[in-house]
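*Asks:* See my_file_16.cif below, with mmCIF, C-alpha atoms.
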data_start
#
loop_
_atom_site.label_atom_id
_atom_site.label_comp_id
_atom_site.auth_asym_id
_atom_site.auth_seq_id
_atom_site.Cartn_x
_atom_site.Cartn_y
_atom_site.Cartn_z
CA MET A 8 57.74 -14.93 -19.05
CA ARG A 9 56.00 -13.77 -22.21
CA LYS A 10 53.66 -11.52 -20.19
CA LEU A 11 56.61 -9.98 -18.35
CA LEU A 12 58.40 -9.25 -21.63
CA TYR A 13 55.22 -7.68 -23.05
CA LEU A 14 54.80 -5.54 -19.93
CA LEU A 15 58.42 -4.32 -20.06
CA LEU A 16 58.13 -3.51 -23.76
CA THR A 17 54.92 -1.55 -23.16
CA ILE A 18 56.52 0.45 -20.35
CA LEU A 19 59.54 1.21 -22.52
CA ILE A 20 57.39 2.45 -25.41
CA PHE A 21 55.41 4.80 -23.17
CA ALA A 22 58.52 6.05 -21.36
CA CYS A 23 60.23 7.00 -24.63
CA SER A 24 57.29 8.75 -26.28
CA ASP A 25 56.61 12.49 -26.23
CA ASN A 26 53.30 14.31 -25.81
CA GLU A 27 52.30 13.84 -29.44
CA GLY A 28 50.14 10.87 -30.22
CA ASN A 29 49.55 9.69 -26.67
CA ASN A 30 46.77 10.36 -24.21
CA GLU A 31 48.79 12.42 -21.74
CA PRO A 32 47.29 15.89 -21.32
CA ASN A 33 49.27 18.82 -22.61
CA GLU A 34 50.51 21.49 -20.21
CA ILE A 35 51.54 25.07 -20.79
CA GLY A 36 55.20 25.07 -21.83
CA ASP A 37 55.18 21.53 -23.28
CA LEU A 38 56.98 20.97 -26.54
CA ALA A 39 54.20 19.40 -28.62
CA HIS A 40 52.33 19.69 -31.90
CA GLY A 41 55.22 21.47 -33.61
CA GLY A 42 55.72 24.23 -31.03
CA ILE A 43 55.38 25.26 -27.41
CA VAL A 44 51.95 25.01 -25.76
CA ILE A 45 50.67 28.49 -24.79
CA TRP A 46 46.96 27.85 -24.19
CA ILE A 47 44.70 24.86 -23.48
CA ASP A 48 40.91 24.82 -23.61
CA GLU A 49 38.72 23.64 -20.74
CA THR A 50 38.59 20.07 -22.10
CA GLY A 51 42.38 19.82 -22.02
CA GLU A 52 42.29 18.28 -25.51
CA HIS A 53 42.73 21.35 -27.70
CA GLY A 54 44.87 24.44 -27.56
CA LEU A 55 47.50 26.60 -29.21
CA VAL A 56 51.24 26.34 -29.68
CA CYS A 57 53.64 29.06 -30.78
CA ALA A 58 56.65 28.58 -33.02
CA LEU A 59 60.09 28.01 -31.50
CA GLU A 60 61.51 30.99 -33.37
CA ASP A 61 60.48 34.22 -35.06
CA GLN A 62 59.67 34.10 -38.75
CA GLY A 63 61.35 37.46 -39.34
CA GLY A 64 59.87 40.89 -39.71
CA ALA A 65 57.65 42.48 -42.33
CA GLN A 66 54.87 44.93 -42.98
CA TRP A 67 51.33 43.93 -42.07
CA SER A 68 50.03 44.53 -45.58
CA LEU A 69 51.42 43.94 -49.05
CA LEU A 70 53.55 46.88 -50.06
CA GLY A 71 51.70 49.16 -47.66
CA SER A 72 48.29 48.72 -49.32
CA PHE A 73 45.55 50.05 -47.08
CA ILE A 74 42.48 47.90 -47.61
CA PHE A 75 40.14 46.14 -45.20
CA SER A 76 40.65 42.44 -44.85
CA GLU A 77 37.95 42.21 -42.17
CA SER A 78 40.25 40.35 -39.78
CA PHE A 79 38.73 41.83 -36.64
CA GLY A 80 38.83 38.71 -34.43
CA GLU A 81 40.59 39.42 -31.13
CA GLU A 82 39.82 36.29 -29.09
CA ILE A 83 41.94 33.19 -28.70
CA GLY A 84 41.08 30.91 -31.59
CA THR A 85 40.48 33.68 -34.18
CA GLY A 86 44.04 34.05 -35.51
CA TYR A 87 43.65 31.37 -38.18
CA ALA A 88 40.46 32.90 -39.64
CA ASN A 89 42.04 36.37 -39.49
CA THR A 90 45.12 35.09 -41.32
CA THR A 91 43.00 33.49 -44.03
CA ALA A 92 41.03 36.74 -44.49
CA ILE A 93 44.26 38.75 -44.79
CA ILE A 94 45.75 36.37 -47.36
CA ASN A 95 42.50 36.30 -49.37
CA THR A 96 42.50 40.11 -49.47
CA GLN A 97 46.21 40.75 -49.96
CA GLY A 98 46.92 38.04 -52.51
CA SER A 99 50.33 37.05 -53.89
CA PRO A 100 53.17 37.00 -53.15
CA GLU A 101 52.18 35.83 -49.69
CA THR A 102 55.68 35.95 -48.20
CA TYR A 103 55.87 39.76 -48.54
CA TYR A 104 53.54 40.43 -45.58
CA VAL A 105 53.14 39.04 -42.06
CA ALA A 106 50.07 36.83 -42.49
CA GLY A 107 51.57 35.10 -45.51
CA ILE A 108 54.91 34.67 -43.74
CA ALA A 109 53.18 33.04 -40.76
CA ARG A 110 51.12 30.72 -43.02
CA ALA A 111 54.24 29.72 -45.00
CA TYR A 112 56.01 28.56 -41.83
CA ASN A 113 56.28 24.75 -41.55
CA GLY A 114 57.74 24.20 -38.08
CA GLY A 115 57.48 20.63 -36.81
CA GLY A 116 56.29 19.59 -40.28
CA TYR A 117 52.93 21.36 -39.85
CA THR A 118 51.57 23.69 -42.53
CA ASP A 119 48.57 25.22 -40.74
CA TRP A 120 50.33 28.07 -38.91
CA SER A 121 48.83 31.53 -38.62
CA LEU A 122 49.50 35.05 -37.43
CA PRO A 123 48.17 35.25 -33.85
CA SER A 124 45.16 37.38 -32.93
CA ILE A 125 45.91 40.11 -30.40
CA LYS A 126 44.74 37.96 -27.47
CA GLU A 127 46.76 34.97 -28.71
CA LEU A 128 49.77 37.29 -28.85
CA GLN A 129 49.02 38.50 -25.30
CA GLN A 130 48.90 34.86 -24.18
CA MET A 131 52.37 34.38 -25.65
CA TYR A 132 53.59 37.41 -23.69
CA ILE A 133 52.20 36.02 -20.42
CA TYR A 134 54.41 32.93 -20.86
CA LYS A 135 57.31 34.77 -22.54
CA SER A 136 59.98 33.61 -20.05
CA LEU A 137 58.89 29.96 -20.23
CA ILE A 138 58.66 30.08 -24.04
CA ASN A 139 62.13 31.64 -24.26
CA LEU A 140 63.63 28.87 -22.09
CA ARG A 141 61.89 26.05 -23.96
CA SER A 142 62.75 27.60 -27.33
CA LEU A 143 66.43 27.93 -26.51
CA ASP A 144 66.51 24.36 -25.11
CA ASN A 145 65.12 23.08 -28.42
CA GLY A 146 67.10 25.06 -30.98
CA GLY A 147 64.79 28.06 -31.21
CA THR A 148 65.21 31.73 -30.35
CA GLU A 149 64.04 34.14 -27.67
CA PHE A 150 61.47 36.83 -28.30
CA ILE A 151 62.93 40.19 -29.32
CA ASN A 152 62.08 43.02 -26.89
CA TYR A 153 60.19 44.87 -29.59
CA PHE A 154 56.76 44.84 -31.25
CA TYR A 155 55.13 41.78 -32.83
CA TRP A 156 52.23 41.99 -35.26
CA SER A 157 48.85 40.45 -34.52
CA SER A 158 46.33 39.43 -37.16
CA THR A 159 43.71 41.72 -35.59
CA GLU A 160 42.86 44.67 -37.80
CA LEU A 161 41.71 48.06 -36.48
CA SER A 162 40.95 49.90 -39.73
CA ASN A 163 41.90 49.89 -43.40
CA SER A 164 45.27 51.42 -42.43
CA THR A 165 46.01 50.08 -38.89
CA ALA A 166 46.35 46.78 -37.00
CA TRP A 167 47.28 45.78 -33.45
CA GLY A 168 50.86 45.13 -32.38
CA LEU A 169 52.15 44.07 -28.96
CA SER A 170 55.45 45.03 -27.34
CA PHE A 171 57.41 42.08 -25.95
CA ARG A 172 59.37 44.52 -23.81
CA ASP A 173 56.49 45.85 -21.71
CA ARG A 174 53.21 44.32 -23.07
CA GLU A 175 52.08 47.62 -24.59
CA ARG A 176 49.23 47.05 -27.04
CA ARG A 177 49.26 49.65 -29.80
CA GLY A 178 47.65 50.26 -33.17
CA PHE A 179 50.21 50.74 -35.95
CA SER A 180 50.11 51.75 -39.57
CA LYS A 181 50.15 48.59 -41.69
CA ASP A 182 53.23 49.77 -43.59
CA ILE A 183 55.51 49.52 -40.52
CA THR A 184 57.77 46.49 -40.08
CA HIS A 185 57.35 44.41 -36.90
CA TYR A 186 58.23 40.83 -35.95
CA VAL A 187 56.23 37.65 -36.64
CA ARG A 188 55.86 34.59 -34.36
CA ALA A 189 53.36 32.08 -35.75
CA VAL A 190 50.83 29.97 -33.81
CA ARG A 191 48.79 26.88 -34.64
CA ALA A 192 45.88 25.06 -33.07
CA PHE A 193 45.92 21.43 -31.95
#
What would the structure in this file look like if it were written as structure tokens?
*Replies:*
Amino acid sequence: MRKLLYLLLTILIFACSDNEGNNEPNEIGDLAHGGIVIWIDETGEHGLVCALEDQGGAQWSLLGSFIFSESFGEEIGTGYANTTAIINTQGSPETYYVAGIARAYNGGGYTDWSLPSIKELQQMYIYKSLINLRSLDNGGTEFINYFYWSSTELSNSTAWGLSFRDRERRGFSKDITHYVRAVRAF
């Protein structure tokens, strides 16, 4: 009888748990690690999530300052380092520009969010419909059909943005306001 009770309790615990803290593999579109899974590496153990909502809109650089931050990483996995480089170059107050706004986000209780690299942003666009559904189902918001900033810099005065209307990738002056949707690694 004791073994049966233990077995039932174990089944109940696993049935009520979510994807965080257990050994079930994550899948694209899962709500896990503070956001919605948008990319998983080949091991299936690590990946990226995006926030459930936008963090607003802002200029890429602090008050339109045109200086290199050397945040040239485009690949998936480079957004965090890019964001750190931007913040180290731009300084305070961090919440006046997109990298600082992304880093200040604390969705799901996590504090290691970043502005996505251009390829991380493109990955979000690929799963835009799924992310919108999962976001709305969990109290978040849909993507706006307009441009979002990436953390990938082109020059001292321009950085990449991506349209969530038609996936157009375009370099913009850093003093233009676009939207922010943060990502974090797990």
*Asks:* With the file shown as input, list the residues that the PyMOL selection byres ((chain A and resi 182) around 9) selects, as a list of chain:residue names.
*Replies:*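 Selection result, ordered by chain and number: A:Ala65, A:Gln66, A:Trp67, A:Ser68, A:Leu69, A:Leu70, A:Gly71, A:Ser72, A:Phe73, A:Ser164, A:Thr165, A:Phe179, A:Ser180, A:Lys181, A:Ile183, A:Thr184.
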*Asks:* Store the residues picked out above, limited to C-alpha atoms, as a compact mmCIF listing (two decimals), in the frame of the given file.
*Replies:*
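Done, and the output landed in selection-v7.txt:
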# COMPACT_ATOMS: atom_id res chain seq x y z
CA ALA A 65 57.65 42.48 -42.33
CA GLN A 66 54.87 44.93 -42.98
CA TRP A 67 51.33 43.93 -42.07
CA SER A 68 50.03 44.53 -45.58
CA LEU A 69 51.42 43.94 -49.05
CA LEU A 70 53.55 46.88 -50.06
CA GLY A 71 51.70 49.16 -47.66
CA SER A 72 48.29 48.72 -49.32
CA PHE A 73 45.55 50.05 -47.08
CA SER A 164 45.27 51.42 -42.43
CA THR A 165 46.01 50.08 -38.89
CA PHE A 179 50.21 50.74 -35.95
CA SER A 180 50.11 51.75 -39.57
CA LYS A 181 50.15 48.59 -41.69
CA ILE A 183 55.51 49.52 -40.52
CA THR A 184 57.77 46.49 -40.08
*Asks:* Pick out the residues sitting within 12 Å of region 150-155 of chain A, and hand them over as a PyMOL selection string; count all atoms listed in the file, and ignore anything fewer than 5 positions along from it in its own chain.
*Replies:* chain A and resi 57-67+105-106+109+122-125+127-129+131-132+134-143+166-179+183-189
*Asks:* Output C-alpha atoms of each residue in that selection to a file, as an mmCIF file, in the frame of the given file.
*Replies:*
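Resulting contents of out_25.cif:
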data_model
loop_
_atom_site.group_PDB
_atom_site.id
_atom_site.type_symbol
_atom_site.label_atom_id
_atom_site.label_comp_id
_atom_site.auth_asym_id
_atom_site.auth_seq_id
_atom_site.Cartn_x
_atom_site.Cartn_y
_atom_site.Cartn_z
ATOM 1 C CA CYS A 57 53.640 29.060 -30.780
ATOM 2 C CA ALA A 58 56.650 28.580 -33.020
ATOM 3 C CA LEU A 59 60.090 28.010 -31.500
ATOM 4 C CA GLU A 60 61.510 30.990 -33.370
ATOM 5 C CA ASP A 61 60.480 34.220 -35.060
ATOM 6 C CA GLN A 62 59.670 34.100 -38.750
ATOM 7 C CA GLY A 63 61.350 37.460 -39.340
ATOM 8 C CA GLY A 64 59.870 40.890 -39.710
ATOM 9 C CA ALA A 65 57.650 42.480 -42.330
ATOM 10 C CA GLN A 66 54.870 44.930 -42.980
ATOM 11 C CA TRP A 67 51.330 43.930 -42.070
ATOM 12 C CA VAL A 105 53.140 39.040 -42.060
ATOM 13 C CA ALA A 106 50.070 36.830 -42.490
ATOM 14 C CA ALA A 109 53.180 33.040 -40.760
ATOM 15 C CA LEU A 122 49.500 35.050 -37.430
ATOM 16 C CA PRO A 123 48.170 35.250 -33.850
ATOM 17 C CA SER A 124 45.160 37.380 -32.930
ATOM 18 C CA ILE A 125 45.910 40.110 -30.400
ATOM 19 C CA GLU A 127 46.760 34.970 -28.710
ATOM 20 C CA LEU A 128 49.770 37.290 -28.850
ATOM 21 C CA GLN A 129 49.020 38.500 -25.300
ATOM 22 C CA MET A 131 52.370 34.380 -25.650
ATOM 23 C CA TYR A 132 53.590 37.410 -23.690
ATOM 24 C CA TYR A 134 54.410 32.930 -20.860
ATOM 25 C CA LYS A 135 57.310 34.770 -22.540
ATOM 26 C CA SER A 136 59.980 33.610 -20.050
ATOM 27 C CA LEU A 137 58.890 29.960 -20.230
ATOM 28 C CA ILE A 138 58.660 30.080 -24.040
ATOM 29 C CA ASN A 139 62.130 31.640 -24.260
ATOM 30 C CA LEU A 140 63.630 28.870 -22.090
ATOM 31 C CA ARG A 141 61.890 26.050 -23.960
ATOM 32 C CA SER A 142 62.750 27.600 -27.330
ATOM 33 C CA LEU A 143 66.430 27.930 -26.510
ATOM 34 C CA ALA A 166 46.350 46.780 -37.000
ATOM 35 C CA TRP A 167 47.280 45.780 -33.450
ATOM 36 C CA GLY A 168 50.860 45.130 -32.380
ATOM 37 C CA LEU A 169 52.150 44.070 -28.960
ATOM 38 C CA SER A 170 55.450 45.030 -27.340
ATOM 39 C CA PHE A 171 57.410 42.080 -25.950
ATOM 40 C CA ARG A 172 59.370 44.520 -23.810
ATOM 41 C CA ASP A 173 56.490 45.850 -21.710
ATOM 42 C CA ARG A 174 53.210 44.320 -23.070
ATOM 43 C CA GLU A 175 52.080 47.620 -24.590
ATOM 44 C CA ARG A 176 49.230 47.050 -27.040
ATOM 45 C CA ARG A 177 49.260 49.650 -29.800
ATOM 46 C CA GLY A 178 47.650 50.260 -33.170
ATOM 47 C CA PHE A 179 50.210 50.740 -35.950
ATOM 48 C CA ILE A 183 55.510 49.520 -40.520
ATOM 49 C CA THR A 184 57.770 46.490 -40.080
ATOM 50 C CA HIS A 185 57.350 44.410 -36.900
ATOM 51 C CA TYR A 186 58.230 40.830 -35.950
ATOM 52 C CA VAL A 187 56.230 37.650 -36.640
ATOM 53 C CA ARG A 188 55.860 34.590 -34.360
ATOM 54 C CA ALA A 189 53.360 32.080 -35.750
#
*Asks:* Of the candidates A:Phe79, A:Gly51, A:Asn145, A:Glu34, which one gets nearest to Gly115 (chain A) if we count all atoms listed in the file?
*Replies:*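 Using all atoms listed in the file, Gly115 (chain A) sits closest to A:Asn145.
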*Asks:* Measuring atom to atom with only C-alpha atoms, identify which of A:Val190, A:Asp48, A:Ile133, A:Glu77 is nearest to Thr118 (chain A).
*Replies:* A:Val190
*Asks:* What do you get, as an MDAnalysis selection string, if you spell out every residue that the PyMOL selection byres ((chain A and resi 53) around 12) selects here?
*Replies:* chainID A and resid 32:35 39:40 44:52 54:56 83:84 191:193
*Asks:* Hey, can you check how far CA of Leu161 (chain A) sits from CA of Gly42 (chain A)?
*Replies:* 28.2 Å
*Asks:* For Gly146 (chain A), which residue out of A:Ile74, A:Ile93, A:Leu38, A:Ala88 is the nearest one, using all atoms listed in the file?
*Replies:*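 Between A:Ile74, A:Ile93, A:Leu38, A:Ala88, the residue approaching Gly146 (chain A) most closely is A:Leu38.
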*Asks:* How far is it from CA of Asp119 (chain A) to CA of Ala92 (chain A), in Å with one decimal?
*Replies:*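 Computed distance, CA of Asp119 (chain A) to CA of Ala92 (chain A), equals 14.3 Å.
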*Asks:* Which is closest to Thr91 (chain A) among A:Trp156, A:Trp120, A:Tyr103, A:Tyr112, if we use all atoms listed in the file?
*Replies:*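 Going through A:Trp156, A:Trp120, A:Tyr103, A:Tyr112 one by one, the smallest distance to Thr91 (chain A) is for A:Trp120.
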*Asks:* Return the single residue from A:Ser76, A:Asn113, A:Thr148, A:Ser121 that is closest to Thr96 (chain A), with distances computed using only C-alpha atoms.
*Replies:*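 Distance minimum relative to Thr96 (chain A) lands on A:Ser76.
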*Asks:* Hey, can you check how far CA of Gly98 (chain A) sits from CA of Ser78 (chain A)?
*Replies:* 14.6 Å
*Asks:* Ranking A:Ile43, A:Arg110, A:Glu31, A:Lys126 by minimum distance to Ser157 (chain A) and counting only C-alpha atoms, which one comes first?
*Replies:*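 Closest to Ser157 (chain A), using only C-alpha atoms: A:Lys126.
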